[in-house]
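Shown below: input20.pdb, with PDB, N, CA and C atoms, pLDDT in the B column.
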ATOM      1  N   MET A1491      -3.924  10.153   7.007  1.00 53.00           N
ATOM      2  CA  MET A1491      -3.314   9.649   5.787  1.00 53.00           C
ATOM      3  C   MET A1491      -3.312   8.115   5.831  1.00 53.00           C
ATOM      4  N   HIS A1492      -3.635   7.521   4.760  1.00 84.00           N
ATOM      5  CA  HIS A1492      -3.684   6.079   4.575  1.00 84.00           C
ATOM      6  C   HIS A1492      -2.256   5.524   4.560  1.00 84.00           C
ATOM      7  N   TRP A1493      -2.016   4.347   5.140  1.00 90.00           N
ATOM      8  CA  TRP A1493      -0.662   3.769   5.170  1.00 90.00           C
ATOM      9  C   TRP A1493      -0.112   3.576   3.771  1.00 90.00           C
ATOM     10  N   LEU A1494      -0.965   3.209   2.839  1.00 92.00           N
ATOM     11  CA  LEU A1494      -0.523   3.030   1.458  1.00 92.00           C
ATOM     12  C   LEU A1494      -0.001   4.346   0.897  1.00 92.00           C
ATOM     13  N   GLU A1495      -0.725   5.429   1.150  1.00 92.00           N
ATOM     14  CA  GLU A1495      -0.279   6.750   0.704  1.00 92.00           C
ATOM     15  C   GLU A1495       1.051   7.122   1.340  1.00 92.00           C
ATOM     16  N   LEU A1496       1.211   6.799   2.599  1.00 89.00           N
ATOM     17  CA  LEU A1496       2.446   7.096   3.323  1.00 89.00           C
ATOM     18  C   LEU A1496       3.630   6.369   2.702  1.00 89.00           C
ATOM     19  N   LEU A1497       3.459   5.104   2.376  1.00 91.00           N
ATOM     20  CA  LEU A1497       4.540   4.336   1.768  1.00 91.00           C
ATOM     21  C   LEU A1497       4.933   4.903   0.407  1.00 91.00           C
ATOM     22  N   VAL A1498       3.955   5.344  -0.357  1.00 93.00           N
ATOM     23  CA  VAL A1498       4.227   5.888  -1.689  1.00 93.00           C
ATOM     24  C   VAL A1498       4.843   7.279  -1.595  1.00 93.00           C
ATOM     25  N   SER A1499       4.247   8.158  -0.785  1.00 90.00           N
ATOM     26  CA  SER A1499       4.704   9.552  -0.774  1.00 90.00           C
ATOM     27  C   SER A1499       5.907   9.786   0.137  1.00 90.00           C
ATOM     28  N   TYR A1500       5.895   9.259   1.338  1.00 86.00           N
ATOM     29  CA  TYR A1500       6.964   9.537   2.301  1.00 86.00           C
ATOM     30  C   TYR A1500       8.156   8.601   2.133  1.00 86.00           C
ATOM     31  N   CYS A1501       7.876   7.313   1.977  1.00 86.00           N
ATOM     32  CA  CYS A1501       8.961   6.324   1.879  1.00 86.00           C
ATOM     33  C   CYS A1501       9.497   6.185   0.455  1.00 86.00           C
ATOM     34  N   GLY A1502       8.751   6.678  -0.518  1.00 91.00           N
ATOM     35  CA  GLY A1502       9.208   6.650  -1.900  1.00 91.00           C
ATOM     36  C   GLY A1502       9.122   5.281  -2.565  1.00 91.00           C
ATOM     37  N   ILE A1503       8.278   4.404  -2.042  1.00 94.00           N
ATOM     38  CA  ILE A1503       8.088   3.094  -2.656  1.00 94.00           C
ATOM     39  C   ILE A1503       7.063   3.257  -3.777  1.00 94.00           C
ATOM     40  N   SER A1504       7.428   2.822  -4.965  1.00 95.00           N
ATOM     41  CA  SER A1504       6.535   3.044  -6.103  1.00 95.00           C
ATOM     42  C   SER A1504       5.287   2.170  -6.009  1.00 95.00           C
ATOM     43  N   LYS A1505       4.229   2.664  -6.642  1.00 96.00           N
ATOM     44  CA  LYS A1505       2.981   1.899  -6.701  1.00 96.00           C
ATOM     45  C   LYS A1505       3.203   0.597  -7.450  1.00 96.00           C
ATOM     46  N   LEU A1506       4.078   0.628  -8.452  1.00 97.00           N
ATOM     47  CA  LEU A1506       4.379  -0.578  -9.216  1.00 97.00           C
ATOM     48  C   LEU A1506       5.046  -1.630  -8.328  1.00 97.00           C
ATOM     49  N   THR A1507       5.967  -1.209  -7.474  1.00 96.00           N
ATOM     50  CA  THR A1507       6.637  -2.135  -6.559  1.00 96.00           C
ATOM     51  C   THR A1507       5.638  -2.778  -5.608  1.00 96.00           C
ATOM     52  N   ILE A1508       4.769  -1.965  -5.031  1.00 97.00           N
ATOM     53  CA  ILE A1508       3.760  -2.488  -4.108  1.00 97.00           C
ATOM     54  C   ILE A1508       2.821  -3.446  -4.844  1.00 97.00           C
ATOM     55  N   ALA A1509       2.436  -3.083  -6.058  1.00 97.00           N
ATOM     56  CA  ALA A1509       1.544  -3.938  -6.848  1.00 97.00           C
ATOM     57  C   ALA A1509       2.208  -5.282  -7.143  1.00 97.00           C
ATOM     58  N   LYS A1510       3.475  -5.258  -7.521  1.00 97.00           N
ATOM     59  CA  LYS A1510       4.168  -6.516  -7.828  1.00 97.00           C
ATOM     60  C   LYS A1510       4.319  -7.376  -6.578  1.00 97.00           C
ATOM     61  N   MET A1511       4.623  -6.743  -5.445  1.00 97.00           N
ATOM     62  CA  MET A1511       4.748  -7.497  -4.195  1.00 97.00           C
ATOM     63  C   MET A1511       3.413  -8.121  -3.800  1.00 97.00           C
ATOM     64  N   ALA A1512       2.321  -7.420  -4.078  1.00 97.00           N
ATOM     65  CA  ALA A1512       0.986  -7.896  -3.709  1.00 97.00           C
ATOM     66  C   ALA A1512       0.392  -8.849  -4.737  1.00 97.00           C
ATOM     67  N   GLY A1513       0.989  -8.897  -5.922  1.00 97.00           N
ATOM     68  CA  GLY A1513       0.444  -9.755  -6.969  1.00 97.00           C
ATOM     69  C   GLY A1513      -0.811  -9.192  -7.597  1.00 97.00           C
ATOM     70  N   VAL A1514      -0.885  -7.843  -7.661  1.00 97.00           N
ATOM     71  CA  VAL A1514      -2.037  -7.174  -8.272  1.00 97.00           C
ATOM     72  C   VAL A1514      -1.528  -6.232  -9.361  1.00 97.00           C
ATOM     73  N   GLU A1515      -2.440  -5.580 -10.050  1.00 96.00           N
ATOM     74  CA  GLU A1515      -2.083  -4.613 -11.080  1.00 96.00           C
ATOM     75  C   GLU A1515      -1.850  -3.237 -10.458  1.00 96.00           C
ATOM     76  N   GLU A1516      -0.989  -2.453 -11.072  1.00 96.00           N
ATOM     77  CA  GLU A1516      -0.751  -1.093 -10.588  1.00 96.00           C
ATOM     78  C   GLU A1516      -2.039  -0.272 -10.628  1.00 96.00           C
ATOM     79  N   ASN A1517      -2.885  -0.564 -11.598  1.00 95.00           N
ATOM     80  CA  ASN A1517      -4.178   0.107 -11.719  1.00 95.00           C
ATOM     81  C   ASN A1517      -5.028  -0.112 -10.461  1.00 95.00           C
ATOM     82  N   ASP A1518      -4.899  -1.290  -9.832  1.00 95.00           N
ATOM     83  CA  ASP A1518      -5.644  -1.567  -8.598  1.00 95.00           C
ATOM     84  C   ASP A1518      -5.196  -0.630  -7.480  1.00 95.00           C
ATOM     85  N   ILE A1519      -3.904  -0.341  -7.420  1.00 95.00           N
ATOM     86  CA  ILE A1519      -3.375   0.593  -6.420  1.00 95.00           C
ATOM     87  C   ILE A1519      -3.951   1.986  -6.682  1.00 95.00           C
ATOM     88  N   ASP A1520      -3.938   2.399  -7.953  1.00 94.00           N
ATOM     89  CA  ASP A1520      -4.480   3.712  -8.317  1.00 94.00           C
ATOM     90  C   ASP A1520      -5.956   3.826  -7.949  1.00 94.00           C
ATOM     91  N   ARG A1521      -6.711   2.770  -8.220  1.00 93.00           N
ATOM     92  CA  ARG A1521      -8.147   2.802  -7.906  1.00 93.00           C
ATOM     93  C   ARG A1521      -8.382   2.882  -6.405  1.00 93.00           C
ATOM     94  N   LEU A1522      -7.549   2.198  -5.624  1.00 91.00           N
ATOM     95  CA  LEU A1522      -7.704   2.228  -4.177  1.00 91.00           C
ATOM     96  C   LEU A1522      -7.335   3.605  -3.609  1.00 91.00           C
ATOM     97  N   LEU A1523      -6.382   4.281  -4.243  1.00 90.00           N
ATOM     98  CA  LEU A1523      -5.956   5.598  -3.779  1.00 90.00           C
ATOM     99  C   LEU A1523      -6.819   6.736  -4.325  1.00 90.00           C
ATOM    100  N   ALA A1524      -7.705   6.441  -5.259  1.00 89.00           N
ATOM    101  CA  ALA A1524      -8.561   7.473  -5.853  1.00 89.00           C
ATOM    102  C   ALA A1524      -9.428   8.109  -4.766  1.00 89.00           C
ATOM    103  N   ASN A1525      -9.812   9.354  -5.007  1.00 80.00           N
ATOM    104  CA  ASN A1525     -10.638  10.066  -4.040  1.00 80.00           C
ATOM    105  C   ASN A1525     -11.946  10.442  -4.712  1.00 80.00           C
ATOM    106  N   PRO A1526     -13.070   9.827  -4.402  1.00 78.00           N
ATOM    107  CA  PRO A1526     -13.266   8.713  -3.474  1.00 78.00           C
ATOM    108  C   PRO A1526     -12.765   7.416  -4.093  1.00 78.00           C
ATOM    109  N   PRO A1527     -12.416   6.425  -3.247  1.00 78.00           N
ATOM    110  CA  PRO A1527     -11.907   5.158  -3.779  1.00 78.00           C
ATOM    111  C   PRO A1527     -12.910   4.498  -4.713  1.00 78.00           C
ATOM    112  N   GLU A1528     -12.405   3.993  -5.817  1.00 80.00           N
ATOM    113  CA  GLU A1528     -13.267   3.284  -6.759  1.00 80.00           C
ATOM    114  C   GLU A1528     -13.420   1.838  -6.279  1.00 80.00           C
ATOM    115  N   LYS A1529     -14.380   1.149  -6.870  1.00 88.00           N
ATOM    116  CA  LYS A1529     -14.618  -0.249  -6.471  1.00 88.00           C
ATOM    117  C   LYS A1529     -13.397  -1.107  -6.778  1.00 88.00           C
ATOM    118  N   VAL A1530     -12.941  -1.806  -5.744  1.00 90.00           N
ATOM    119  CA  VAL A1530     -11.826  -2.736  -5.869  1.00 90.00           C
ATOM    120  C   VAL A1530     -12.275  -4.049  -5.226  1.00 90.00           C
ATOM    121  N   GLU A1531     -11.997  -5.155  -5.883  1.00 92.00           N
ATOM    122  CA  GLU A1531     -12.417  -6.455  -5.361  1.00 92.00           C
ATOM    123  C   GLU A1531     -11.816  -6.695  -3.980  1.00 92.00           C
ATOM    124  N   ILE A1532     -12.547  -7.398  -3.139  1.00 92.00           N
ATOM    125  CA  ILE A1532     -12.123  -7.648  -1.765  1.00 92.00           C
ATOM    126  C   ILE A1532     -10.808  -8.431  -1.722  1.00 92.00           C
ATOM    127  N   GLU A1533     -10.608  -9.366  -2.652  1.00 95.00           N
ATOM    128  CA  GLU A1533      -9.370 -10.141  -2.689  1.00 95.00           C
ATOM    129  C   GLU A1533      -8.168  -9.240  -2.978  1.00 95.00           C
ATOM    130  N   VAL A1534      -8.369  -8.277  -3.872  1.00 95.00           N
ATOM    131  CA  VAL A1534      -7.302  -7.336  -4.220  1.00 95.00           C
ATOM    132  C   VAL A1534      -6.999  -6.432  -3.024  1.00 95.00           C
ATOM    133  N   LYS A1535      -8.042  -5.951  -2.352  1.00 93.00           N
ATOM    134  CA  LYS A1535      -7.840  -5.124  -1.161  1.00 93.00           C
ATOM    135  C   LYS A1535      -7.041  -5.891  -0.105  1.00 93.00           C
ATOM    136  N   TYR A1536      -7.372  -7.159   0.070  1.00 96.00           N
ATOM    137  CA  TYR A1536      -6.687  -7.982   1.065  1.00 96.00           C
ATOM    138  C   TYR A1536      -5.209  -8.134   0.716  1.00 96.00           C
ATOM    139  N   LYS A1537      -4.905  -8.434  -0.540  1.00 97.00           N
ATOM    140  CA  LYS A1537      -3.511  -8.598  -0.967  1.00 97.00           C
ATOM    141  C   LYS A1537      -2.720  -7.314  -0.753  1.00 97.00           C
ATOM    142  N   ILE A1538      -3.332  -6.179  -1.084  1.00 96.00           N
ATOM    143  CA  ILE A1538      -2.653  -4.892  -0.898  1.00 96.00           C
ATOM    144  C   ILE A1538      -2.454  -4.615   0.588  1.00 96.00           C
ATOM    145  N   ALA A1539      -3.475  -4.878   1.396  1.00 95.00           N
ATOM    146  CA  ALA A1539      -3.385  -4.628   2.834  1.00 95.00           C
ATOM    147  C   ALA A1539      -2.285  -5.466   3.478  1.00 95.00           C
ATOM    148  N   VAL A1540      -2.188  -6.729   3.100  1.00 96.00           N
ATOM    149  CA  VAL A1540      -1.147  -7.601   3.652  1.00 96.00           C
ATOM    150  C   VAL A1540       0.233  -7.071   3.276  1.00 96.00           C
ATOM    151  N   THR A1541       0.400  -6.665   2.044  1.00 96.00           N
ATOM    152  CA  THR A1541       1.685  -6.139   1.583  1.00 96.00           C
ATOM    153  C   THR A1541       2.038  -4.843   2.301  1.00 96.00           C
ATOM    154  N   VAL A1542       1.069  -3.960   2.465  1.00 96.00           N
ATOM    155  CA  VAL A1542       1.312  -2.690   3.155  1.00 96.00           C
ATOM    156  C   VAL A1542       1.729  -2.945   4.604  1.00 96.00           C
ATOM    157  N   MET A1543       1.059  -3.853   5.277  1.00 95.00           N
ATOM    158  CA  MET A1543       1.417  -4.151   6.669  1.00 95.00           C
ATOM    159  C   MET A1543       2.796  -4.802   6.765  1.00 95.00           C
ATOM    160  N   GLU A1544       3.168  -5.650   5.802  1.00 94.00           N
ATOM    161  CA  GLU A1544       4.508  -6.229   5.784  1.00 94.00           C
ATOM    162  C   GLU A1544       5.556  -5.135   5.623  1.00 94.00           C
ATOM    163  N   LEU A1545       5.325  -4.220   4.689  1.00 94.00           N
ATOM    164  CA  LEU A1545       6.269  -3.125   4.470  1.00 94.00           C
ATOM    165  C   LEU A1545       6.377  -2.236   5.699  1.00 94.00           C
ATOM    166  N   ARG A1546       5.259  -1.959   6.342  1.00 90.00           N
ATOM    167  CA  ARG A1546       5.275  -1.156   7.577  1.00 90.00           C
ATOM    168  C   ARG A1546       6.089  -1.848   8.652  1.00 90.00           C
ATOM    169  N   PHE A1547       5.945  -3.171   8.778  1.00 90.00           N
ATOM    170  CA  PHE A1547       6.701  -3.924   9.774  1.00 90.00           C
ATOM    171  C   PHE A1547       8.192  -3.853   9.473  1.00 90.00           C
ATOM    172  N   TRP A1548       8.572  -4.017   8.211  1.00 88.00           N
ATOM    173  CA  TRP A1548       9.983  -3.993   7.847  1.00 88.00           C
ATOM    174  C   TRP A1548      10.598  -2.609   8.011  1.00 88.00           C
ATOM    175  N   LEU A1549       9.806  -1.569   7.783  1.00 86.00           N
ATOM    176  CA  LEU A1549      10.330  -0.200   7.809  1.00 86.00           C
ATOM    177  C   LEU A1549      10.157   0.506   9.149  1.00 86.00           C
ATOM    178  N   LYS A1550       9.525  -0.131  10.123  1.00 81.00           N
ATOM    179  CA  LYS A1550       9.220   0.551  11.383  1.00 81.00           C
ATOM    180  C   LYS A1550      10.468   1.027  12.120  1.00 81.00           C
ATOM    181  N   ASP A1551      11.579   0.321  11.985  1.00 78.00           N
ATOM    182  CA  ASP A1551      12.802   0.725  12.657  1.00 78.00           C
ATOM    183  C   ASP A1551      13.459   1.938  12.008  1.00 78.00           C
ATOM    184  N   CYS A1552      13.027   2.296  10.818  1.00 74.00           N
ATOM    185  CA  CYS A1552      13.594   3.447  10.110  1.00 74.00           C
ATOM    186  C   CYS A1552      12.845   4.742  10.422  1.00 74.00           C
ATOM    187  N   GLU A1553      11.717   4.645  11.128  1.00 70.00           N
ATOM    188  CA  GLU A1553      10.909   5.821  11.419  1.00 70.00           C
ATOM    189  C   GLU A1553      11.549   6.679  12.489  1.00 70.00           C
ATOM    190  N   LEU A1554      11.324   7.964  12.378  1.00 69.00           N
ATOM    191  CA  LEU A1554      11.813   8.893  13.397  1.00 69.00           C
ATOM    192  C   LEU A1554      10.969   8.760  14.654  1.00 69.00           C
ATOM    193  N   PRO A1555      11.577   8.867  15.838  1.00 70.00           N
ATOM    194  CA  PRO A1555      10.774   8.806  17.071  1.00 70.00           C
ATOM    195  C   PRO A1555       9.861  10.023  17.195  1.00 70.00           C
ATOM    196  N   ILE A1556       8.736   9.820  17.837  1.00 66.00           N
ATOM    197  CA  ILE A1556       7.766  10.913  17.998  1.00 66.00           C
ATOM    198  C   ILE A1556       8.164  11.746  19.196  1.00 66.00           C
TER     199      ILE A1556
END
What would the structure in this file look like if it were written as structure tokens?
Amino acid sequence: MHWLELLVSYCGISKLTIAKMAGVEENDIDRLLANPPEKVEIEVKYKIAVTVMELRFWLKDCELPI
């Protein structure tokens, strides 16, 4: 499972919230999550990736131990 999918489905963070934090459109999130992923500009992918990693860092202490 993709980290972005995990944040949306498991953590309940909306695609709109992630898009606003990344400075991209919600449609860009949808295109990246499409199966197969649709073409997304490299700059947009980078912004989303940085935001996802920031959220993972902030939420890591809330995860259940394995």
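The interatomic distance for the pair atom CA of A:Leu1545 and atom CA of A:Leu1497 works out to 8.1 Å.
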- Task: Any chance you could resolve the PyMOL selection byres ((chain A and resi 1532-1539) around 8) against this file and give the residues as a VMD selection string?
- Result: chain A and resid 1494 1508 to 1509 1511 to 1515 1518 to 1519 1522 1529 to 1531 1540 to 1545
Take the residues from that selection and put them in a file with N, CA and C atoms, as a PDB file, in the frame of the given file.
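part-v6.pdb was written with the following content:
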ATOM      1  N   LEU A1494      -0.965   3.209   2.839  1.00 92.00           N
ATOM      2  CA  LEU A1494      -0.523   3.030   1.458  1.00 92.00           C
ATOM      3  C   LEU A1494      -0.001   4.346   0.897  1.00 92.00           C
ATOM      4  N   ILE A1508       4.769  -1.965  -5.031  1.00 97.00           N
ATOM      5  CA  ILE A1508       3.760  -2.488  -4.108  1.00 97.00           C
ATOM      6  C   ILE A1508       2.821  -3.446  -4.844  1.00 97.00           C
ATOM      7  N   ALA A1509       2.436  -3.083  -6.058  1.00 97.00           N
ATOM      8  CA  ALA A1509       1.544  -3.938  -6.848  1.00 97.00           C
ATOM      9  C   ALA A1509       2.208  -5.282  -7.143  1.00 97.00           C
ATOM     10  N   MET A1511       4.623  -6.743  -5.445  1.00 97.00           N
ATOM     11  CA  MET A1511       4.748  -7.497  -4.195  1.00 97.00           C
ATOM     12  C   MET A1511       3.413  -8.121  -3.800  1.00 97.00           C
ATOM     13  N   ALA A1512       2.321  -7.420  -4.078  1.00 97.00           N
ATOM     14  CA  ALA A1512       0.986  -7.896  -3.709  1.00 97.00           C
ATOM     15  C   ALA A1512       0.392  -8.849  -4.737  1.00 97.00           C
ATOM     16  N   GLY A1513       0.989  -8.897  -5.922  1.00 97.00           N
ATOM     17  CA  GLY A1513       0.444  -9.755  -6.969  1.00 97.00           C
ATOM     18  C   GLY A1513      -0.811  -9.192  -7.597  1.00 97.00           C
ATOM     19  N   VAL A1514      -0.885  -7.843  -7.661  1.00 97.00           N
ATOM     20  CA  VAL A1514      -2.037  -7.174  -8.272  1.00 97.00           C
ATOM     21  C   VAL A1514      -1.528  -6.232  -9.361  1.00 97.00           C
ATOM     22  N   GLU A1515      -2.440  -5.580 -10.050  1.00 96.00           N
ATOM     23  CA  GLU A1515      -2.083  -4.613 -11.080  1.00 96.00           C
ATOM     24  C   GLU A1515      -1.850  -3.237 -10.458  1.00 96.00           C
ATOM     25  N   ASP A1518      -4.899  -1.290  -9.832  1.00 95.00           N
ATOM     26  CA  ASP A1518      -5.644  -1.567  -8.598  1.00 95.00           C
ATOM     27  C   ASP A1518      -5.196  -0.630  -7.480  1.00 95.00           C
ATOM     28  N   ILE A1519      -3.904  -0.341  -7.420  1.00 95.00           N
ATOM     29  CA  ILE A1519      -3.375   0.593  -6.420  1.00 95.00           C
ATOM     30  C   ILE A1519      -3.951   1.986  -6.682  1.00 95.00           C
ATOM     31  N   LEU A1522      -7.549   2.198  -5.624  1.00 91.00           N
ATOM     32  CA  LEU A1522      -7.704   2.228  -4.177  1.00 91.00           C
ATOM     33  C   LEU A1522      -7.335   3.605  -3.609  1.00 91.00           C
ATOM     34  N   LYS A1529     -14.380   1.149  -6.870  1.00 88.00           N
ATOM     35  CA  LYS A1529     -14.618  -0.249  -6.471  1.00 88.00           C
ATOM     36  C   LYS A1529     -13.397  -1.107  -6.778  1.00 88.00           C
ATOM     37  N   VAL A1530     -12.941  -1.806  -5.744  1.00 90.00           N
ATOM     38  CA  VAL A1530     -11.826  -2.736  -5.869  1.00 90.00           C
ATOM     39  C   VAL A1530     -12.275  -4.049  -5.226  1.00 90.00           C
ATOM     40  N   GLU A1531     -11.997  -5.155  -5.883  1.00 92.00           N
ATOM     41  CA  GLU A1531     -12.417  -6.455  -5.361  1.00 92.00           C
ATOM     42  C   GLU A1531     -11.816  -6.695  -3.980  1.00 92.00           C
ATOM     43  N   VAL A1540      -2.188  -6.729   3.100  1.00 96.00           N
ATOM     44  CA  VAL A1540      -1.147  -7.601   3.652  1.00 96.00           C
ATOM     45  C   VAL A1540       0.233  -7.071   3.276  1.00 96.00           C
ATOM     46  N   THR A1541       0.400  -6.665   2.044  1.00 96.00           N
ATOM     47  CA  THR A1541       1.685  -6.139   1.583  1.00 96.00           C
ATOM     48  C   THR A1541       2.038  -4.843   2.301  1.00 96.00           C
ATOM     49  N   VAL A1542       1.069  -3.960   2.465  1.00 96.00           N
ATOM     50  CA  VAL A1542       1.312  -2.690   3.155  1.00 96.00           C
ATOM     51  C   VAL A1542       1.729  -2.945   4.604  1.00 96.00           C
ATOM     52  N   MET A1543       1.059  -3.853   5.277  1.00 95.00           N
ATOM     53  CA  MET A1543       1.417  -4.151   6.669  1.00 95.00           C
ATOM     54  C   MET A1543       2.796  -4.802   6.765  1.00 95.00           C
ATOM     55  N   GLU A1544       3.168  -5.650   5.802  1.00 94.00           N
ATOM     56  CA  GLU A1544       4.508  -6.229   5.784  1.00 94.00           C
ATOM     57  C   GLU A1544       5.556  -5.135   5.623  1.00 94.00           C
ATOM     58  N   LEU A1545       5.325  -4.220   4.689  1.00 94.00           N
ATOM     59  CA  LEU A1545       6.269  -3.125   4.470  1.00 94.00           C
ATOM     60  C   LEU A1545       6.377  -2.236   5.699  1.00 94.00           C
TER      61      LEU A1545
END
- For A:Ala1524, the nearest of the candidates A:His1492, A:Thr1507, A:Glu1553, A:Cys1501, counting only C-alpha atoms: A:His1492
- Mind the document's chain letters and residue numbers, and return as a list of chain:residue names the residues of stretch 1518-1552 of chain A that DSSP labels helix (DSSP H, G or I).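 Across stretch 1518-1552 of chain A, those assigned helix (DSSP H, G or I) are A:Asp1518, A:Ile1519, A:Asp1520, A:Arg1521, A:Leu1522, A:Leu1523, A:Ile1532, A:Glu1533, A:Val1534, A:Lys1535, A:Tyr1536, A:Lys1537, A:Ile1538, A:Ala1539, A:Val1540, A:Thr1541, A:Val1542, A:Met1543, A:Glu1544, A:Leu1545, A:Arg1546, A:Phe1547, A:Trp1548, A:Leu1549, A:Lys1550, A:Asp1551, A:Cys1552.
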- Item | Between atom CA of A:Glu1495 and atom CA of A:Lys1510, distance in Å (one decimal) |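 Distance reported for this atom pair: 16.4 Å.
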- Message: As an exercise, work out the distance from atom CA of A:Arg1546 to atom C of A:Leu1496 in Å and give it to one decimal place.
- Response: 9.1 Å
